[in-house]
$ cat final-v5.tsv   # TSV, C-alpha atoms
chain	number	residue	atom	x	y	z
A	29	MET	CA	5.18	-1.11	69.03
A	30	ASN	CA	1.52	-1.20	68.12
A	31	ASP	CA	0.15	-1.84	64.66
A	32	ASP	CA	-0.47	1.84	63.87
A	33	VAL	CA	3.09	2.87	64.66
A	34	ARG	CA	4.43	-0.15	62.76
A	35	ASN	CA	2.39	0.80	59.68
A	36	ILE	CA	3.63	4.41	59.84
A	37	VAL	CA	7.25	3.29	60.11
A	38	LEU	CA	6.88	0.81	57.25
A	39	GLY	CA	5.19	3.50	55.15
A	40	VAL	CA	8.05	5.93	55.78
A	41	ILE	CA	10.62	3.27	54.89
A	42	ALA	CA	8.74	2.33	51.72
A	43	THR	CA	8.44	5.97	50.66
A	44	ALA	CA	12.14	6.61	51.28
A	45	PHE	CA	13.11	3.47	49.38
A	46	SER	CA	10.80	4.32	46.49
A	47	GLY	CA	12.08	7.88	46.34
A	48	GLY	CA	15.70	6.79	46.47
A	49	PHE	CA	15.19	4.17	43.79
A	50	GLY	CA	13.39	6.70	41.61
A	51	TRP	CA	16.20	9.22	42.03
A	52	PHE	CA	18.81	6.57	41.24
A	53	SER	CA	16.90	5.46	38.13
A	54	ARG	CA	16.48	8.99	36.83
A	55	THR	CA	20.14	9.78	37.49
A	56	TYR	CA	21.28	6.59	35.77
A	57	LEU	CA	19.12	7.24	32.72
A	58	TRP	CA	20.22	10.88	32.55
A	59	ARG	CA	23.89	9.92	32.72
A	60	ARG	CA	23.48	7.21	30.11
A	61	ALA	CA	21.73	9.66	27.75
A	62	LEU	CA	24.49	12.21	28.38
A	63	ARG	CA	27.23	9.67	27.60
A	64	ARG	CA	25.52	8.74	24.35
A	65	LYS	CA	25.12	12.39	23.42
A	66	GLN	CA	28.77	13.09	24.21
A	67	ALA	CA	29.88	10.07	22.17
A	68	PHE	CA	27.80	11.12	19.15
A	69	PHE	CA	29.11	14.68	19.15
A	70	GLY	CA	32.64	13.75	20.21
A	71	LEU	CA	32.35	16.03	23.23
A	72	PRO	CA	33.38	14.40	26.50
A	73	THR	CA	33.15	16.57	29.60
A	74	GLY	CA	35.82	19.27	29.63
A	75	SER	CA	36.86	18.72	26.02
A	76	ASP	CA	37.40	21.48	23.46
A	77	CYS	CA	35.65	21.85	20.13
A	78	LEU	CA	35.87	24.19	17.18
A	79	PHE	CA	33.03	26.23	15.74
A	80	VAL	CA	33.86	27.56	12.27
A	81	VAL	CA	31.68	30.51	11.30
A	82	ASN	CA	31.18	31.72	7.78
A	83	ARG	CA	30.74	35.18	6.35
A	84	GLN	CA	27.46	36.54	5.06
A	85	MET	CA	26.89	35.14	1.58
A	86	GLY	CA	27.64	37.80	-1.01
A	87	GLY	CA	29.08	40.11	1.62
A	88	THR	CA	32.39	41.88	1.19
A	89	ASP	CA	33.47	41.65	4.82
A	90	SER	CA	33.38	39.08	7.61
A	91	SER	CA	29.86	39.94	8.74
A	92	LEU	CA	27.75	37.05	10.00
A	93	HIS	CA	24.15	36.66	8.86
A	94	ARG	CA	21.70	36.70	11.76
A	95	ASN	CA	20.36	33.23	10.85
A	96	ASP	CA	23.90	31.86	10.98
A	97	ALA	CA	24.20	33.50	14.41
A	98	PHE	CA	21.02	31.66	15.41
A	99	ALA	CA	22.60	28.41	14.15
A	100	LEU	CA	25.55	29.16	16.42
A	101	LEU	CA	23.18	29.51	19.38
A	102	GLU	CA	21.43	26.22	18.55
A	103	ILE	CA	24.73	24.33	18.46
A	104	SER	CA	26.21	26.15	21.46
A	105	SER	CA	23.36	24.77	23.54
A	106	LEU	CA	24.34	21.21	22.53
A	107	ILE	CA	27.97	21.88	23.39
A	108	LYS	CA	27.01	23.29	26.78
A	109	ASP	CA	24.82	20.27	27.55
A	110	CYS	CA	27.83	18.02	26.95
A	111	GLY	CA	29.99	20.04	29.33
A	112	ALA	CA	32.47	20.94	26.58
A	113	ASN	CA	34.24	24.18	25.67
A	114	VAL	CA	33.98	25.94	22.32
A	115	GLN	CA	36.43	28.04	20.36
A	116	ILE	CA	34.87	30.18	17.64
A	117	VAL	CA	37.00	30.93	14.58
A	118	THR	CA	36.28	32.46	11.19
A	119	HIS	CA	36.27	30.21	8.16
A	120	ASP	CA	39.47	31.75	6.78
A	121	GLY	CA	41.22	31.61	10.15
A	122	ALA	CA	40.92	27.87	10.77
A	123	ARG	CA	44.36	26.44	10.03
A	124	GLN	CA	44.30	22.92	11.39
A	125	GLY	CA	43.36	19.40	10.50
A	126	PHE	CA	40.51	17.39	11.90
A	127	GLY	CA	40.05	14.46	14.21
A	128	GLU	CA	41.76	15.75	17.34
A	129	ARG	CA	38.72	17.71	18.50
A	130	ALA	CA	35.13	17.96	17.40
A	131	GLU	CA	34.25	20.62	14.84
A	132	PHE	CA	31.05	22.31	13.73
A	133	CYS	CA	31.43	23.98	10.34
A	134	VAL	CA	28.50	26.15	9.25
A	135	GLY	CA	27.83	27.60	5.80
A	136	GLY	CA	27.94	26.58	2.17
A	137	PRO	CA	31.05	26.87	-0.01
A	138	SER	CA	30.08	30.35	-1.20
A	139	SER	CA	30.56	31.73	2.31
A	140	ASN	CA	32.88	29.26	4.03
A	141	ALA	CA	36.30	28.32	2.66
A	142	ARG	CA	36.63	25.47	5.15
A	143	THR	CA	33.44	23.92	3.79
A	144	VAL	CA	35.10	23.88	0.38
A	145	ALA	CA	38.02	21.92	1.85
A	146	HIS	CA	35.76	19.46	3.70
A	147	LEU	CA	33.65	18.80	0.61
A	148	ALA	CA	36.72	18.19	-1.53
A	149	SER	CA	38.44	15.86	0.93
A	150	MET	CA	35.55	14.00	2.56
A	151	LEU	CA	32.51	14.42	0.29
A	152	PRO	CA	33.97	14.36	-3.23
A	153	GLY	CA	30.68	13.28	-4.76
A	154	VAL	CA	29.05	16.63	-3.98
A	155	ARG	CA	29.08	19.50	-6.44
A	156	VAL	CA	27.85	22.99	-5.55
A	157	ILE	CA	27.60	26.00	-7.84
A	158	PHE	CA	28.90	28.76	-5.64
A	159	ASN	CA	29.66	31.57	-8.08
A	160	SER	CA	29.19	34.80	-6.14
A	161	GLU	CA	27.31	36.37	-9.04
A	162	SER	CA	23.60	35.86	-9.69
A	163	VAL	CA	23.95	33.07	-12.23
A	164	PRO	CA	21.36	30.45	-13.13
A	165	ASP	CA	21.38	27.56	-10.67
A	166	ARG	CA	23.46	29.52	-8.18
A	167	GLY	CA	23.73	27.42	-5.02
A	168	ALA	CA	22.46	24.25	-6.71
A	169	ILE	CA	23.64	21.04	-5.03
A	170	THR	CA	24.34	18.01	-7.20
A	171	VAL	CA	24.84	14.60	-5.59
A	172	GLY	CA	24.12	11.10	-6.84
A	173	GLY	CA	23.18	12.41	-10.28
A	174	GLU	CA	20.38	14.60	-8.88
A	175	THR	CA	20.46	18.39	-8.80
A	176	TYR	CA	18.68	20.28	-6.04
A	177	ARG	CA	17.96	23.90	-6.91
A	178	TRP	CA	17.28	26.80	-4.61
A	179	VAL	CA	14.01	28.70	-5.09
A	180	LYS	CA	14.31	31.82	-2.96
A	181	GLY	CA	11.95	31.79	0.00
A	182	GLN	CA	10.21	28.62	-1.20
A	183	VAL	CA	12.63	25.71	-1.40
A	184	GLU	CA	16.14	25.61	0.10
A	185	TYR	CA	18.41	22.61	0.56
A	186	VAL	CA	21.16	21.89	3.07
A	187	LEU	CA	23.61	19.04	3.59
A	188	LEU	CA	24.00	17.84	7.16
A	189	ALA	CA	26.97	15.54	7.62
A	190	ARG	CA	28.87	13.86	10.42
A	191	LEU	CA	32.33	12.98	9.18
A	192	THR	CA	35.10	10.99	10.84
A	193	THR	CA	38.45	9.74	9.63
A	194	GLY	CA	38.53	6.60	11.74
A	195	ARG	CA	37.73	5.05	15.08
A	196	GLY	CA	38.81	7.17	18.02
A	197	THR	CA	38.86	10.44	16.10
A	198	ARG	CA	36.52	13.33	16.83
A	199	PRO	CA	33.84	14.13	14.23
A	200	VAL	CA	33.33	17.11	11.97
A	201	PHE	CA	29.71	18.24	11.68
A	202	LEU	CA	29.16	20.01	8.39
A	203	LEU	CA	26.07	22.18	7.83
A	204	SER	CA	26.35	23.29	4.22
A	205	GLY	CA	23.21	25.11	3.12
A	206	GLN	CA	22.18	27.18	0.14
A	207	THR	CA	21.13	30.03	2.45
A	208	ALA	CA	21.69	31.19	6.01
A	209	ILE	CA	18.19	30.12	6.97
A	210	SER	CA	18.87	26.60	5.69
A	211	ASN	CA	22.03	26.52	7.82
A	212	GLN	CA	19.90	27.40	10.85
A	213	ALA	CA	17.34	24.76	9.87
A	214	ALA	CA	20.10	22.11	9.78
A	215	ALA	CA	21.34	23.19	13.22
A	216	ARG	CA	17.82	22.94	14.60
A	217	TYR	CA	17.30	19.54	12.95
A	218	LEU	CA	20.57	18.30	14.48
A	219	ALA	CA	19.53	19.54	17.92
A	220	LYS	CA	16.14	17.83	17.71
A	221	GLN	CA	17.09	14.63	15.90
A	222	HIS	CA	20.54	13.78	17.26
A	223	ARG	CA	19.18	10.80	19.24
A	224	ALA	CA	17.53	9.33	16.14
A	225	LEU	CA	20.66	10.00	14.07
A	226	ALA	CA	22.82	8.32	16.72
A	227	ARG	CA	20.54	5.26	16.74
A	228	THR	CA	20.71	5.04	12.95
A	229	TYR	CA	24.39	5.71	12.33
A	230	GLY	CA	26.12	5.16	15.67
A	231	GLY	CA	29.67	6.46	15.39
A	232	ASP	CA	29.82	6.21	11.59
A	233	SER	CA	29.98	9.02	9.08
A	234	PHE	CA	26.80	10.07	7.34
A	235	CYS	CA	25.48	12.75	5.02
A	236	VAL	CA	21.78	13.58	4.67
A	237	LEU	CA	20.02	16.12	2.48
A	238	LEU	CA	17.34	18.30	4.08
A	239	LYS	CA	14.77	20.56	2.44
A	240	VAL	CA	13.47	23.74	4.01
A	241	ILE	CA	9.95	24.51	2.84
A	242	ASN	CA	8.50	28.00	2.36
A	243	SER	CA	10.95	29.82	4.59
A	244	ASP	CA	9.30	33.14	3.72
A	245	ALA	CA	6.31	32.00	5.77
A	246	TYR	CA	7.74	29.44	8.20
A	247	GLY	CA	11.39	30.37	8.62
A	248	PRO	CA	13.56	27.34	9.50
A	249	ASP	CA	10.76	25.44	11.24
A	250	VAL	CA	9.43	23.30	8.38
A	251	THR	CA	12.26	20.99	7.39
A	252	GLU	CA	12.04	17.51	5.92
A	253	LEU	CA	14.53	14.77	5.23
A	254	VAL	CA	14.96	14.28	1.48
A	255	ALA	CA	17.46	11.43	1.37
A	256	ASP	CA	20.46	9.75	2.90
A	257	VAL	CA	23.18	10.53	0.37
A	258	THR	CA	26.15	9.17	2.31
A	259	ARG	CA	27.31	6.68	-0.31
A	260	GLN	CA	26.80	9.05	-3.23
A	261	ALA	CA	28.46	11.97	-1.47
A	262	ARG	CA	31.54	9.94	-0.48
A	263	THR	CA	32.01	8.48	-3.98
A	264	PRO	CA	34.06	10.70	-6.31
A	265	VAL	CA	32.02	11.84	-9.29
A	266	ALA	CA	34.32	10.16	-11.82
A	267	GLU	CA	33.83	6.81	-10.06
A	268	ALA	CA	30.09	7.30	-9.67
A	269	ALA	CA	29.58	8.00	-13.37
$ encode --input "final-v5.tsv" --output "structure tokens"
Amino acid sequence: MNDDVRNIVLGVIATAFSGGFGWFSRTYLWRRALRRKQAFFGLPTGSDCLFVVNRQMGGTDSSLHRNDAFALLEISSLIKDCGANVQIVTHDGARQGFGERAEFCVGGPSSNARTVAHLASMLPGVRVIFNSESVPDRGAITVGGETYRWVKGQVEYVLLARLTTGRGTRPVFLLSGQTAISNQAAARYLAKQHRALARTYGGDSFCVLLKVINSDAYGPDVTELVADVTRQARTPVAEAA
């Protein structure tokens, strides 16, 4: 074997080795990222999860606001990436506890009865004015002694929470906004920031408050983190006072 042939053979071997190592590295990193994503959302491959949809705020029937439908699409993409299955139920048709399978509950207490139950049992430090009539401060969220008011089309707030009842149980993700567009903004924030949230909180419960800015002009795209209100939200108001 002359030098030219030897060099060609060595080059082919080096290329094959490099390509194989690169493929292995990419596959390993992809699988590790997937496992972390599945662990954060409580969605191992082939598992089932529950998506609880609300009704349109102020509506008299079970109609779903289009922005809440968009929130469903945002979250459905996450579920699909994890290789899990989803069951969609209406807020007044969900008759089960939590912890056995992951749950995504979308909508504030004015449009989602299950949100009311989750707030009462797991976030007792949160108060929301959800009178269906047009009253002052309708939709206002109070937590930690601060009140966050909704200014239509300009400022809207939404609570994004990951709630668990103990190690080994599946989480409930609660997206409780003052408007449908704030629900969608929370779903989009969760889709984009789940890696950062997982790094910060791991498998623990958390509750953060988000603000949607000038939705009349920007829709759900301009959203900022206001505060981590986990401690305040999980402390009953009487104890926090």
$ atom_distance --input "final-v5.tsv" --atom1 "CA of Leu203 in chain A" --atom2 "CA of Val134 in chain A"
4.9 Å
$ residues_around --input "final-v5.tsv" --residues "Tyr185 in chain A" --least-positions-apart "3" --cutoff "12 Å" --atoms "all atoms listed in the file" --output "number ranges by chain"
A: 135-136, 156, 167-171, 175-182, 188, 203-214, 236-243, 248, 250-255
$ closest_residue --input "final-v5.tsv" --among "A:Asp244, A:Gly153, A:Ser75, A:Leu218" --to "Arg259 in chain A" --atoms "only C-alpha atoms"
A:Gly153
$ atom_distance --input "final-v5.tsv" --atom1 "CA of Pro199 in chain A" --atom2 "CA of Arg129 in chain A"
7.4 Å
$ residues_near_point --input "final-v5.tsv" --point "(36.3, 30.0, 19.3)" --cutoff "9 Å" --atoms "all atoms listed in the file" --output "VMD selection string"
chain A and resid 77 to 80 113 to 118
$ closest_residue --input "final-v5.tsv" --among "A:Ala141, A:Leu151, A:Ala219, A:Ala261" --to "Leu106 in chain A" --atoms "only C-alpha atoms"
A:Ala219
$ atom_distance --input "final-v5.tsv" --atom1 "CA of Glu131 in chain A" --atom2 "CA of Gly70 in chain A"
8.9 Å
$ closest_residue --input "final-v5.tsv" --among "A:Leu202, A:Val81, A:Val265, A:Ala245" --to "Ala189 in chain A" --atoms "only C-alpha atoms"
A:Leu202
